[in-house]
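Reading through the structure tokens given below for one structure.
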Amino acid sequence: MFYSFFPGARPLRLALFAVGALVLSVAPASAQRSTTSSEPLSERRVAYQIDVTLDPEARTVSGSQRLTWRNPGNSPVDELQFHLYLNAFSPGSTFQVESGGEHRGNSDSRDDRWGGITVERLAVAGRPEGDLGGVLPYSGQPVDLTPNMRFIQPDDNNRDDRTVMAVRLPNPVLPGETIALDIDFESRMPRVVARTGFAEDAQGNPFFMVAQWFPKIAVYEIPGQRYVPADAPTGQWNAHQFHANSEFYADFGTYDVTMRVPEFFVVGASGVRVQETTEDGIKTLRYRADDVHDFAWTAYEEYRVHEATWRHVELRLLLRPAHDTETQVRRHMDSAIAALERFDDWVGEYPYTTLTIVDAPGGASGMEYPTLITGLTLYMGPSWIRVAEMVTIHEFGHQYFYGLLASNEFEEAWLDEGMNSYVESKIMDDAYGEGAFLDIPGLPVSGRHMQRLAYVKQNPSSGNLTTRSWEYQFGADYAKNSYAKPATVMNTLEGYLGWETMRTFLRTYYSEWRFRHPTTRDLQDVVEAVSGQDLDWFFQQYVYGSAVLDYRIDAISYSRDRSIPDSLDARYDYRVVVERVFDGTMPTVLRLEFADGTGRDIPWDGKDRWKEFTASGDERLSAAFVDPEGLLWLEVDRLNNRRAIQPVSPGPTERRKFAVRFQQLALLISALF
Amino acid sequence: MIFTYLKAGIDAMRAQPWLAVLLFSVHAVLGYSIATPIGGALKTSFAASGFEEIDIALLADIPEALLGAFASVFGLLMIATLVLFVWSSAAGVGLPQALRQGGVRSFWSGVDRYFWRGVGLTGLFLIPMGIWTAAVAVLAFILGVTLSSEVTRFWAVLVAFPTLWLTGMAAIDLTLDYARIALVSSDSGVVESAKMGLRHGLRRGAAQAVYLVWFVPSLLLLVLPTELEMFIGASIGVFLLQQLVLLGRSFVSVGWIGSQVALFEDADGPETIAEATAV
Ligand SMILES: [Zn+2]
């Protein structure tokens with residue numbers, strides 16, 4: 001929307017292009033909307049008009065951008081802050097120092113691996129003419145701010161880190177005013193290690209994932225927004241450096257991006273393509289994306305393009321040639337649609353009209369950008385290992401938690417990755433059944449079990465969800481507490497509240513908070529309001545804290561009640577002792593199982609360290625079972641939840657099975673040696 | 001030509017069925033005798049829960065519950081494997097002894113006379129097996145990290161290298177078979193027998209053809225018990241069927257060695273060898 005506030009102030013190059021180019025529009029721009037709404041969906045504090053050229057030889061993306069930013073607060077702002085994320089790939093950056101240049105197993109040691117972004121000029125643009133629709137233009141003077149640029153390191157004082165830039169303004173931006181900046185920049189794409197950059201395929205063809213690539217204004221949080229106190233005198237910039245374990249945070253707005261690439265490239269991008277022309281071997285593409293907080297694109301000659309439509313959404317799948325099979329197309333499209341359908345039903349409408357799924361190599365795979373995600377698949381990958389499906393569903397889920405809700409991923413990564421992993425695990429299980437993740441006969445592994453195991457079997461007491469992502473003491477703790485543990489926490493909360501309440505919570509959370517950057521506190525408020533319960537005991541233990549949950553049956557016995565004469569039917573007294581092994585508690589149920597196959601559930605608040613249960617009845621007790629329905633996904637040991645009067649000894653069947661395995665082994669050994 | 005040797009193998013099975021029964025019985029007794037204590041160790045550690053079906057969550061908890069029992073289970077398995085190696089060396093010399101020259105000698109006389117040299121041969125052949133395995137693994141690893149094409153990497157690392165490894169292992173195994181036959185036929189030393197094994201195993205196309213022909217049924221019969229269990233389920237009936245299959249697999253072992261003995265004797269001439277090894 002800011003874009004239309006300044007109709008006469010487009011960058012010069014864009015205007016020249018529009019007049020002079022041989023226009024072969026894919027479709028009239030007016031007919032294409034990037035969202036389902038003709039009205040702005042978000043507050044749109046920013047607007048970007050970017051016009052760049054990709055030079056595949058130099059591996060640069062260079063050009064200019066007109067950035068407009070509105071001061072959303074009630075006090076003047078005299079400094080602007082920017083993310084220059086791509087500088088993380090320069091020597092000495094905090095990302096390099098923290099990660100050693102390695103990201104999730106990807107690294108590169110070649111001399112040309114570095115990347116970075118150079119801001120060549122940053123200037124206040126002239127005031128726009130005409131009717132501005134109530135927008136107050138910046139009252140300061142058009143002035144070159146390039147000399148005012150300086151790098152700051154708010155997180156660690158590493159002077160070599162140039163991922164956050166501050167620019168002092170000669171005149172402040174007054175409350176409600178909108179400032180327009182013209183920025184010339186050149187981005188050199190690093191070799192792909194972490195999400196963004198350049199790679200060559202086996203034939204030497206260049207691949208580009210152009211992400212975190214342009215000078216991007218940080219979020220100015222106003223009083224009352226997120227954790228800034230409502231009575232704070234001013235707002236404050238929330239800009240963090242690029243860390244080994246951190247992702248992103250930005251304001252919503254509009255993107256109008258024109259890119260020029262050699263004509264042989266197949267391009268995929270955020271938003272909707274409104275124009276495509278080719279002249280003198282150069283392809284010019286223009287994309288629009290509204291109500292998003294980032295823009296990414298990819299260019300690669302060898303992409304094989306597949307398209308599908310789901311309701312209002314046009315799906316575009318860009319596969320690399322080795323993966324271009326009917327099976328792969330089906331696996332990607334089916335899982336994307338499975339996710340679209342369930343998110344629509346469980347969380348809310350997907351308001352965008354496009355979804356591009358990119359089969360990106362190595363470090364660029366498995367990542368989310370607005371309306372564009374990168375998948376992860378394998379040549380000849382067996383269908384019973386559903387990695388391609390899981391990654392597609394996961395990255396699509398980010399359209400909601402990262403894209404539409406847009407929590408601060410630096411500070412509260414779990415609100416994105418963790419909530420997304422929760423819904424992803426449920427979609428996997430709903431769409432693919434018991435063996436959703438690994439379809440092994442006799443030993444299926446579901447999506448939720450996979451998430452649970454990644455938490456309970458990896459030092460579960462270490463770290464908690466709300467640690468800021470660069471402050472985890474151990475790298476493994478970031479991943480566990482941002483993905484697997486929150487997914488398991490939410491599955492446990494669902495076990496406690498029931499799916500209908502949980503679904504209402506998801507829908508309410510989404511409808512109340514989309515485009516508004518919710519915090520952990522906001523999420524807790526919604527789930528408490530929806531359930532009508534104070535859930536602080538739960539959040540303090542498992543969200544803010546690192547409580548570990550485990551119940552164990554310590555003893556089980558029963559005896560015949562001797563006071564009843566033998567002539568009457570027998571009565572028995574039961575005794576079960578349960579231990580709460582660690583500090584975590586959850587209300588649960590103790591089930592007494594009887595010899596005749598019946599059972600009796602005894603509710604328990606789960607608080608006592610030791611709890612003796614006594615009861616009586618006319619059946620012999622056969623076993624006792626804490627949480628028989630398996631609702632406590634957080635429980636770190638399930639085996640000790642049950643205890644039988646008569647231990648089940650490995651029966652003759654097991655012994656026979658074992659003997660046969662051994663005989664086979666014996667034959668194999670004697671054949672070989 | 002090959003048919004002659006195959007027929008000789010089948011004749012060997014028919015002439016001395018008790019050899020197959022012996023192989024089968026030793027494996028069965030060994031298997032059963034460790035199944036019970038291992039079952040007992042499992043019982044003390046997790047069977048108290050009374051869970052009858054194990055899912056992925058319980059399976060993941062078992063290693064922790066088993067920590068105490070693990071040492072004893074592991075120890076038992078190690079001992080059983082060692083016993084298997086010893087037995088396999090014994091049978092490796094016992095079988096050719098019982099089958100050569102029309103089957104006039106006993107299995108046990110072969111074990112008695114050649115056991116230690118048989119163990120020596122097994123030990124000697126473990127060296128090329130180890131070197132080959134390490135070489136292929138290292139090469140596959142290097143290619144795995146350096147090949148930039150995912151497709152080439154797939155075919156190289158997951159198809160070509162395993163095939164190459166298997167082929168190499170089969171060649172070494174084949175050589176070991178002939179080395180053992182040479183050992184009992186010529187009463188030579190370990191190294192001399194290994195050389196003769198090389199000559200007969202690798203330089204003669206017929207030896208490789210015979211190996212391949214026996215390889216197929218032996219592999220099928222080896223995996224069939226697992227398949228039966230997977231598709232029909234475990235029951236006493238399936239178990240008996242499995243035992244029958246495993247007995248059949250033991251017959252194949254005898255037939256296999258029978259064919260190789262026939263081929264060996266055909267090459268060097270039974271008379272000369274008989275003279276050289278006359279007792
Ligand atoms: Zn994610």
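Going by the structure tokens order, chains are called A, B, ..., each with residues numbered from 1, while ligands are numbered from 1 in the order shown.
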
- Item | For region 562-571 of chain A: contacts at 8 Å, only C-alpha atoms, fewer than 6 positions along chain excluded, given as a list of chain:residue names | A:Ser616, A:Gly617, A:Asp618, A:Glu619

- Message: Can you pull out every residue with an atom within 10 Å of ligand 1? Use only C-alpha atoms and all ligand atoms and format it as a PyMOL selection string.
- Response: chain A and resi 247+366-368+391+393-398+401-402+413-414+416-421+424+482-483

Only C-alpha atoms, please: the residues just picked out, written as a PDB file, in the first residue's frame.
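Wrote it out as selection14.pdb, contents follow:
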```pdb
ATOM      1  CA  GLU A 247      16.462 -16.669  12.030  1.00  0.00           C
ATOM      2  CA  GLY A 366      14.184 -26.931   3.710  1.00  0.00           C
ATOM      3  CA  MET A 367      13.657 -23.215   4.145  1.00  0.00           C
ATOM      4  CA  GLU A 368      10.712 -20.866   4.200  1.00  0.00           C
ATOM      5  CA  VAL A 391       9.769 -31.044   4.760  1.00  0.00           C
ATOM      6  CA  ILE A 393       4.478 -29.788   5.046  1.00  0.00           C
ATOM      7  CA  HIS A 394       6.847 -28.183   7.521  1.00  0.00           C
ATOM      8  CA  GLU A 395       7.942 -25.401   5.219  1.00  0.00           C
ATOM      9  CA  PHE A 396       4.401 -24.767   4.134  1.00  0.00           C
ATOM     10  CA  GLY A 397       3.392 -24.530   7.802  1.00  0.00           C
ATOM     11  CA  HIS A 398       5.882 -21.697   8.133  1.00  0.00           C
ATOM     12  CA  PHE A 401       3.860 -19.255  11.931  1.00  0.00           C
ATOM     13  CA  TYR A 402       6.789 -17.527  10.249  1.00  0.00           C
ATOM     14  CA  ALA A 413      12.187 -19.229  17.773  1.00  0.00           C
ATOM     15  CA  TRP A 414       9.839 -21.826  19.230  1.00  0.00           C
ATOM     16  CA  ASP A 416       7.621 -20.340  14.726  1.00  0.00           C
ATOM     17  CA  GLU A 417       9.615 -23.572  14.460  1.00  0.00           C
ATOM     18  CA  GLY A 418       8.003 -25.265  17.447  1.00  0.00           C
ATOM     19  CA  MET A 419       4.362 -24.403  16.829  1.00  0.00           C
ATOM     20  CA  ASN A 420       4.963 -25.297  13.204  1.00  0.00           C
ATOM     21  CA  SER A 421       6.533 -28.635  14.143  1.00  0.00           C
ATOM     22  CA  GLU A 424       3.364 -30.484  10.976  1.00  0.00           C
ATOM     23  CA  SER A 482      12.884 -24.824  18.992  1.00  0.00           C
ATOM     24  CA  TYR A 483      11.474 -27.863  17.183  1.00  0.00           C
TER      25      TYR A 483
END
```

If we count only C-alpha atoms, what is near Pro628 (chain A) at a cut-off of 8 Å, once residues fewer than 6 positions away on the same chain are taken out, given as a tab-separated table (two decimals) with C-alpha atoms, in the first residue's frame?
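Once written, part_28.tsv looks like this:
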```tsv
chain	number	residue	atom	x	y	z
A	589	VAL	CA	-4.97	-41.18	35.09
A	590	LEU	CA	-3.94	-44.42	36.77
A	591	ARG	CA	-5.68	-47.37	35.19
```

- Mind checking which residues fall within 8 Å of region 86-94 of chain B, counting only C-alpha atoms, ignoring those fewer than 4 positions away in the same chain, and posting them as a list of chain:residue names?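 So, after excluding close chain neighbours, the residues are A:Ile669, A:Ser670, A:Phe673, B:Leu23, B:Leu82, B:Ala98, B:Ser106, B:Phe107, B:Trp108, B:Ser109, B:Gly110, B:Val111, B:Tyr114, B:Phe115, B:Gly118, B:Val119, B:Thr122, B:Asp177, B:Arg180, B:Ile181, B:Leu183, B:Val184.
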
Using only N, CA and C atoms, please write the residues we just selected to a file, as a PDB file, in the first residue's frame.
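Contents of selection_11.pdb, as written:
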```pdb
ATOM      1  N   ILE A 669      27.348 -66.975   8.631  1.00  0.00           N
ATOM      2  CA  ILE A 669      28.748 -66.984   9.072  1.00  0.00           C
ATOM      3  C   ILE A 669      29.481 -68.190   8.496  1.00  0.00           C
ATOM      4  N   SER A 670      28.814 -69.343   8.539  1.00  0.00           N
ATOM      5  CA  SER A 670      29.543 -70.514   8.034  1.00  0.00           C
ATOM      6  C   SER A 670      29.673 -70.481   6.513  1.00  0.00           C
ATOM      7  N   PHE A 673      32.762 -67.584   6.340  1.00  0.00           N
ATOM      8  CA  PHE A 673      34.084 -67.822   6.960  1.00  0.00           C
ATOM      9  C   PHE A 673      34.402 -69.310   7.057  1.00  0.00           C
TER      10      PHE A 673
ATOM     11  N   LEU B  23      24.867 -80.163  10.388  1.00  0.00           N
ATOM     12  CA  LEU B  23      24.987 -78.694  10.327  1.00  0.00           C
ATOM     13  C   LEU B  23      23.759 -78.047  10.940  1.00  0.00           C
ATOM     14  N   LEU B  82      31.638 -66.501  18.769  1.00  0.00           N
ATOM     15  CA  LEU B  82      32.955 -67.146  18.774  1.00  0.00           C
ATOM     16  C   LEU B  82      32.806 -68.647  18.519  1.00  0.00           C
ATOM     17  N   ALA B  98      34.734 -85.316   4.290  1.00  0.00           N
ATOM     18  CA  ALA B  98      33.679 -86.333   4.210  1.00  0.00           C
ATOM     19  C   ALA B  98      33.212 -86.539   2.776  1.00  0.00           C
ATOM     20  N   SER B 106      35.464 -89.883   7.121  1.00  0.00           N
ATOM     21  CA  SER B 106      34.414 -89.310   7.961  1.00  0.00           C
ATOM     22  C   SER B 106      34.647 -87.822   8.190  1.00  0.00           C
ATOM     23  N   PHE B 107      33.573 -87.136   8.423  1.00  0.00           N
ATOM     24  CA  PHE B 107      33.570 -85.711   8.755  1.00  0.00           C
ATOM     25  C   PHE B 107      34.519 -85.449   9.927  1.00  0.00           C
ATOM     26  N   TRP B 108      34.396 -86.292  10.942  1.00  0.00           N
ATOM     27  CA  TRP B 108      35.170 -86.051  12.173  1.00  0.00           C
ATOM     28  C   TRP B 108      36.666 -86.300  11.973  1.00  0.00           C
ATOM     29  N   SER B 109      36.994 -87.205  11.057  1.00  0.00           N
ATOM     30  CA  SER B 109      38.420 -87.410  10.819  1.00  0.00           C
ATOM     31  C   SER B 109      39.028 -86.143  10.218  1.00  0.00           C
ATOM     32  N   GLY B 110      38.246 -85.426   9.402  1.00  0.00           N
ATOM     33  CA  GLY B 110      38.716 -84.156   8.846  1.00  0.00           C
ATOM     34  C   GLY B 110      38.893 -83.125   9.938  1.00  0.00           C
ATOM     35  N   VAL B 111      37.923 -83.067  10.840  1.00  0.00           N
ATOM     36  CA  VAL B 111      38.015 -82.106  11.942  1.00  0.00           C
ATOM     37  C   VAL B 111      39.240 -82.445  12.780  1.00  0.00           C
ATOM     38  N   TYR B 114      42.579 -81.703  10.533  1.00  0.00           N
ATOM     39  CA  TYR B 114      42.846 -80.408   9.877  1.00  0.00           C
ATOM     40  C   TYR B 114      42.297 -79.198  10.625  1.00  0.00           C
ATOM     41  N   PHE B 115      41.713 -79.449  11.806  1.00  0.00           N
ATOM     42  CA  PHE B 115      41.023 -78.338  12.487  1.00  0.00           C
ATOM     43  C   PHE B 115      41.913 -77.100  12.651  1.00  0.00           C
ATOM     44  N   GLY B 118      42.701 -75.481   9.588  1.00  0.00           N
ATOM     45  CA  GLY B 118      41.463 -74.845   9.108  1.00  0.00           C
ATOM     46  C   GLY B 118      41.251 -73.482   9.766  1.00  0.00           C
ATOM     47  N   VAL B 119      41.490 -73.447  11.085  1.00  0.00           N
ATOM     48  CA  VAL B 119      41.371 -72.179  11.806  1.00  0.00           C
ATOM     49  C   VAL B 119      42.403 -71.183  11.252  1.00  0.00           C
ATOM     50  N   THR B 122      41.112 -69.757   8.057  1.00  0.00           N
ATOM     51  CA  THR B 122      40.066 -68.747   8.299  1.00  0.00           C
ATOM     52  C   THR B 122      40.716 -67.437   8.717  1.00  0.00           C
ATOM     53  N   ASP B 177      37.039 -71.520   0.167  1.00  0.00           N
ATOM     54  CA  ASP B 177      36.435 -72.855  -0.006  1.00  0.00           C
ATOM     55  C   ASP B 177      37.443 -73.817  -0.638  1.00  0.00           C
ATOM     56  N   ARG B 180      40.409 -74.776   1.535  1.00  0.00           N
ATOM     57  CA  ARG B 180      40.096 -75.822   2.516  1.00  0.00           C
ATOM     58  C   ARG B 180      40.078 -77.200   1.853  1.00  0.00           C
ATOM     59  N   ILE B 181      39.497 -77.233   0.645  1.00  0.00           N
ATOM     60  CA  ILE B 181      39.471 -78.521  -0.066  1.00  0.00           C
ATOM     61  C   ILE B 181      40.901 -78.969  -0.348  1.00  0.00           C
ATOM     62  N   LEU B 183      43.501 -78.143   1.327  1.00  0.00           N
ATOM     63  CA  LEU B 183      44.115 -78.517   2.604  1.00  0.00           C
ATOM     64  C   LEU B 183      43.851 -79.988   2.935  1.00  0.00           C
ATOM     65  N   VAL B 184      42.588 -80.392   2.880  1.00  0.00           N
ATOM     66  CA  VAL B 184      42.280 -81.778   3.256  1.00  0.00           C
ATOM     67  C   VAL B 184      42.695 -82.756   2.160  1.00  0.00           C
TER      68      VAL B 184
END
```

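Excluding Arg304 (chain A) and any residue on its chain fewer than 5 positions from it, the residues at most 7 Å away by only C-alpha atoms are Leu318, Leu319, Arg320, Pro321 and Asp324 of chain A.
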
Within 9 Å of chain B, which residues of chain A are there when counting only C-alpha atoms? Please give them as a compact mmCIF listing (two decimals) with N, CA and C atoms, in the first residue's frame.
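Listing of iface-v3.txt after writing:
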```
# COMPACT_ATOMS: atom_id res chain seq x y z
N GLU A 200 26.86 -24.68 -7.87
CA GLU A 200 26.94 -25.17 -9.24
C GLU A 200 26.44 -26.60 -9.24
N ASP A 201 25.68 -26.99 -10.26
CA ASP A 201 25.29 -28.39 -10.32
C ASP A 201 26.43 -29.20 -10.95
N ALA A 202 26.20 -30.51 -11.12
CA ALA A 202 27.28 -31.38 -11.59
C ALA A 202 27.77 -30.98 -12.98
N GLN A 203 26.90 -30.33 -13.74
CA GLN A 203 27.30 -29.91 -15.08
C GLN A 203 27.89 -28.51 -15.10
N ALA A 322 17.27 -34.27 -11.78
CA ALA A 322 17.42 -35.61 -11.22
C ALA A 322 16.17 -36.04 -10.45
N LEU A 378 15.30 -36.72 -2.27
CA LEU A 378 16.47 -37.50 -2.65
C LEU A 378 16.19 -38.25 -3.94
N TYR A 379 17.23 -38.35 -4.75
CA TYR A 379 17.14 -39.19 -5.93
C TYR A 379 16.85 -40.62 -5.49
N MET A 380 15.85 -41.26 -6.05
CA MET A 380 15.44 -42.62 -5.72
C MET A 380 15.05 -42.77 -4.24
N PRO A 441 7.06 -51.87 8.37
CA PRO A 441 6.07 -52.85 8.83
C PRO A 441 6.44 -53.37 10.22
N GLY A 442 5.48 -53.35 11.11
CA GLY A 442 5.71 -53.83 12.46
C GLY A 442 6.29 -52.79 13.40
N LEU A 443 6.87 -51.73 12.84
CA LEU A 443 7.45 -50.71 13.69
C LEU A 443 7.29 -49.32 13.07
N PRO A 444 6.02 -48.91 12.91
CA PRO A 444 5.79 -47.61 12.26
C PRO A 444 6.23 -46.46 13.17
N VAL A 445 6.75 -45.41 12.56
CA VAL A 445 7.15 -44.22 13.32
C VAL A 445 6.31 -43.05 12.81
N SER A 446 5.48 -42.52 13.69
CA SER A 446 4.60 -41.42 13.29
C SER A 446 5.34 -40.10 13.40
N HIS A 449 5.57 -39.17 17.10
CA HIS A 449 6.58 -39.97 17.81
C HIS A 449 7.99 -39.51 17.47
N ARG A 452 8.65 -36.48 19.43
CA ARG A 452 8.81 -36.82 20.85
C ARG A 452 10.17 -37.44 21.12
N LEU A 453 10.56 -38.39 20.29
CA LEU A 453 11.84 -39.07 20.52
C LEU A 453 13.01 -38.10 20.43
N LYS A 457 14.83 -38.34 24.14
CA LYS A 457 16.07 -39.11 24.15
C LYS A 457 17.31 -38.23 23.96
N ILE A 553 5.61 -46.81 37.85
CA ILE A 553 4.92 -47.68 38.81
C ILE A 553 6.00 -48.38 39.61
N ALA A 623 -2.70 -55.56 36.23
CA ALA A 623 -1.65 -54.58 35.91
C ALA A 623 -2.12 -53.18 36.29
N ALA A 624 -1.17 -52.27 36.42
CA ALA A 624 -1.49 -50.86 36.65
C ALA A 624 -0.73 -50.05 35.60
N PHE A 625 -1.37 -48.95 35.14
CA PHE A 625 -0.85 -48.25 33.97
C PHE A 625 -1.11 -46.75 34.15
N VAL A 636 9.17 -38.91 29.56
CA VAL A 636 10.44 -39.31 28.95
C VAL A 636 10.66 -40.82 28.93
N ASP A 637 9.90 -41.55 29.74
CA ASP A 637 10.05 -43.02 29.73
C ASP A 637 8.66 -43.64 29.84
N ARG A 638 8.25 -44.30 28.81
CA ARG A 638 6.91 -44.85 28.79
C ARG A 638 6.89 -46.29 29.30
N LEU A 639 8.02 -46.93 29.18
CA LEU A 639 8.10 -48.34 29.56
C LEU A 639 7.76 -48.55 31.04
N ASN A 640 8.19 -47.56 31.88
CA ASN A 640 7.97 -47.74 33.32
C ASN A 640 6.59 -47.27 33.77
N ASN A 641 5.73 -46.90 32.80
CA ASN A 641 4.38 -46.45 33.15
C ASN A 641 3.46 -47.59 33.53
N ARG A 642 3.86 -48.81 33.18
CA ARG A 642 2.96 -49.93 33.39
C ARG A 642 3.71 -51.00 34.16
N ARG A 643 2.97 -51.69 34.97
CA ARG A 643 3.57 -52.81 35.68
C ARG A 643 2.51 -53.89 35.82
N ALA A 644 2.92 -55.13 35.55
CA ALA A 644 1.97 -56.23 35.61
C ALA A 644 2.24 -57.08 36.85
N ILE A 645 1.20 -57.71 37.36
CA ILE A 645 1.37 -58.64 38.48
C ILE A 645 2.26 -59.79 38.02
N GLN A 646 1.92 -60.36 36.88
CA GLN A 646 2.71 -61.44 36.31
C GLN A 646 3.55 -60.87 35.18
N PRO A 647 4.85 -60.74 35.38
CA PRO A 647 5.65 -60.23 34.26
C PRO A 647 5.44 -61.09 33.01
N VAL A 648 5.36 -60.44 31.89
CA VAL A 648 5.23 -61.19 30.64
C VAL A 648 6.63 -61.68 30.28
N SER A 649 6.83 -62.98 30.36
CA SER A 649 8.15 -63.46 29.97
C SER A 649 8.16 -63.64 28.47
N PRO A 650 9.32 -63.44 27.86
CA PRO A 650 9.38 -63.70 26.42
C PRO A 650 8.87 -65.12 26.19
N GLY A 651 7.77 -65.24 25.53
CA GLY A 651 7.10 -66.53 25.41
C GLY A 651 7.80 -67.44 24.42
N THR A 653 7.00 -68.07 21.50
CA THR A 653 7.07 -67.45 20.16
C THR A 653 8.35 -66.63 20.03
N GLU A 654 8.61 -65.78 21.04
CA GLU A 654 9.80 -64.94 20.99
C GLU A 654 11.06 -65.79 20.94
N ARG A 655 11.05 -66.85 21.77
CA ARG A 655 12.24 -67.72 21.79
C ARG A 655 12.46 -68.38 20.44
N ARG A 656 11.35 -68.82 19.84
CA ARG A 656 11.48 -69.47 18.53
C ARG A 656 11.98 -68.47 17.49
N LYS A 657 11.41 -67.25 17.54
CA LYS A 657 11.86 -66.22 16.59
C LYS A 657 13.35 -66.00 16.73
N PHE A 658 13.79 -65.86 17.98
CA PHE A 658 15.19 -65.59 18.22
C PHE A 658 16.06 -66.73 17.69
N ALA A 659 15.61 -67.97 17.98
CA ALA A 659 16.40 -69.13 17.54
C ALA A 659 16.54 -69.14 16.01
N VAL A 660 15.45 -68.83 15.31
CA VAL A 660 15.51 -68.82 13.84
C VAL A 660 16.49 -67.76 13.35
N ARG A 661 16.43 -66.53 13.98
CA ARG A 661 17.37 -65.48 13.58
C ARG A 661 18.81 -65.98 13.76
N PHE A 662 19.03 -66.64 14.89
CA PHE A 662 20.39 -67.10 15.17
C PHE A 662 20.82 -68.16 14.18
N GLN A 663 19.90 -69.06 13.84
CA GLN A 663 20.23 -70.10 12.85
C GLN A 663 20.61 -69.47 11.51
N GLN A 664 19.87 -68.42 11.14
CA GLN A 664 20.18 -67.74 9.88
C GLN A 664 21.57 -67.12 9.94
N LEU A 665 21.84 -66.48 11.08
CA LEU A 665 23.15 -65.87 11.26
C LEU A 665 24.25 -66.92 11.17
N ALA A 666 23.99 -68.07 11.80
CA ALA A 666 24.98 -69.15 11.80
C ALA A 666 25.26 -69.61 10.38
N LEU A 667 24.21 -69.76 9.59
CA LEU A 667 24.40 -70.21 8.21
C LEU A 667 25.19 -69.17 7.41
N LEU A 668 24.89 -67.91 7.68
CA LEU A 668 25.59 -66.84 6.97
C LEU A 668 27.08 -66.86 7.34
N ILE A 669 27.35 -66.97 8.63
CA ILE A 669 28.75 -66.98 9.07
C ILE A 669 29.48 -68.19 8.50
N SER A 670 28.81 -69.34 8.54
CA SER A 670 29.54 -70.51 8.03
C SER A 670 29.67 -70.48 6.51
N ALA A 671 28.80 -69.72 5.85
CA ALA A 671 28.98 -69.60 4.40
C ALA A 671 30.15 -68.67 4.07
N LEU A 672 30.33 -67.65 4.90
CA LEU A 672 31.36 -66.65 4.61
C LEU A 672 32.73 -67.04 5.13
N PHE A 673 32.76 -67.58 6.34
CA PHE A 673 34.08 -67.82 6.96
C PHE A 673 34.40 -69.31 7.06
```

- Task: To one decimal in Å, tell me the separation between CA of His332 (chain A) and CA of Glu389 (chain A).
- Result: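 A separation of 6.3 Å between them.
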
- Message: List the spatial neighbours of Gln65 (chain A) as a VMD selection string - criterion: any atom at most 6 Å away, only C-alpha atoms, same-chain residues fewer than 2 positions off excluded.
- Response: chain A and resid 49 to 50 182 to 183

- Query: Excluding same-chain residues fewer than 6 positions from Ser259 (chain B), what lies within 8 Å of it counting only C-alpha atoms, as a list in words?
  - Reply: Tyr5, Leu6, Lys7, Ala8, Gly9, Ile10 and Val210 of chain B
